[in-house]
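A short write-up of the structure that comes next.
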Amino acid sequence: MKKILFVLAIGLSVFNAKAQMVSYAESPAGATEMLPTYPGGNEALQRFVNKKLSVSGIRESERQKGTVIVYFMVDAEGNPSDHQVLSGINERYDALALETVRKIKRWNAGRFGTTLRIMGQKVEIRF
């Protein structure tokens, strides 16, 4: 019960997630490009991150606010790989964000026109 209350308190006050998911973009040739998306959209992604991200190992007095941006590739089957931090806070927070985003095992693959493609995606983790 204590763990649940702690997680709820942290989820409401310390962090949230926001995916930088663009639904489509027009290319010069007129074909529609759809970037990879999280199944269920941004709200489902935020719930997943809030559930999986744990800052319990960081003392209250040492907690910081900021944003970590994690970039990765999504293949044509929706499998993410090659995760890296584009912009971070510090090693500890960057590692927490990277670990959390790596727990996402499946995405909706990106498309160019009707063809599934390997594409990049990024997720912001706000602490």
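Identifiers in this document derive from the order of the structure tokens: chains are assigned A, B, ..., residues are numbered from 1 separately in each chain, and ligands are numbered from 1 in order of occurrence.
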Which residues come within 10 Å of Gly40 in chain A, counting only C-alpha atoms, excluding same-chain residues fewer than 4 positions away, as an NGL selection string?
-> :A and (44-45 or 107-108)
Could you please take those selected residues and save N, CA and C atoms as an mmCIF file, in the first residue's frame?
data_model
loop_
_atom_site.group_PDB
_atom_site.id
_atom_site.type_symbol
_atom_site.label_atom_id
_atom_site.label_comp_id
_atom_site.auth_asym_id
_atom_site.auth_seq_id
_atom_site.Cartn_x
_atom_site.Cartn_y
_atom_site.Cartn_z
ATOM 1 N N ALA A 44 -1.697 6.817 -23.431
ATOM 2 C CA ALA A 44 -1.253 5.471 -23.060
ATOM 3 C C ALA A 44 0.255 5.459 -22.797
ATOM 4 N N LEU A 45 1.010 6.206 -23.592
ATOM 5 C CA LEU A 45 2.454 6.304 -23.382
ATOM 6 C C LEU A 45 2.745 6.948 -22.037
ATOM 7 N N TRP A 107 5.987 -0.624 -30.910
ATOM 8 C CA TRP A 107 5.420 0.618 -31.420
ATOM 9 C C TRP A 107 4.632 0.291 -32.679
ATOM 10 N N ASN A 108 3.771 1.182 -33.098
ATOM 11 C CA ASN A 108 3.169 1.082 -34.421
ATOM 12 C C ASN A 108 4.208 1.630 -35.388
#
Compare A:Thr37, A:Asn42, A:Ser87, A:Ser54 by their minimum atom-to-atom distance to Ile69 in chain A, counting only C-alpha atoms, and give me the closest one.
-> A:Ser87
Quick one: residues within 10 Å of Thr115 in chain A, only C-alpha atoms counted, chain neighbours fewer than 5 positions away excluded, as a ChimeraX atom specification?
-> /A:33,76,109-110
A:Ile58, A:Leu86, A:Ile118, A:Met73 ranked by distance to Lys105 in chain A, top pick (using only C-alpha atoms) =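 Closest to Lys105 in chain A, using only C-alpha atoms: A:Met73.
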Contacts of Ile89 in chain A at 9 Å or less, counting only C-alpha atoms, minus same-chain residues fewer than 4 places along, as an mmCIF file with C-alpha atoms, in the first residue's frame?
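Writing the result to selection_20.cif gives the following:
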data_model
loop_
_atom_site.group_PDB
_atom_site.id
_atom_site.type_symbol
_atom_site.label_atom_id
_atom_site.label_comp_id
_atom_site.auth_asym_id
_atom_site.auth_seq_id
_atom_site.Cartn_x
_atom_site.Cartn_y
_atom_site.Cartn_z
ATOM 1 C CA GLN A 64 15.836 17.773 -9.862
ATOM 2 C CA LYS A 65 13.391 19.052 -12.419
ATOM 3 C CA GLY A 66 14.097 18.923 -16.097
ATOM 4 C CA THR A 67 13.532 16.993 -19.312
ATOM 5 C CA VAL A 68 15.382 14.070 -20.870
ATOM 6 C CA TYR A 93 18.300 11.003 -14.680
ATOM 7 C CA ASP A 94 19.426 10.226 -18.237
#
Can you tell me, as a ChimeraX atom specification, what residues are no more than 9 Å from range 119-121 of chain A when counting only C-alpha atoms, ignoring any on the same chain fewer than 3 positions away?
-> /A:19-21,35-37,70-76,80,109-111
Expressed in Å, the length from CA of Gly57 in chain A to CA of Gly41 in chain A is 29.1 Å
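CA of Phe48 in chain A sits 13.9 Å away from CA of Leu98 in chain A.
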Atom pair CA of Asn90 in chain A + CA of Phe127 in chain A, distance 11.7 Å
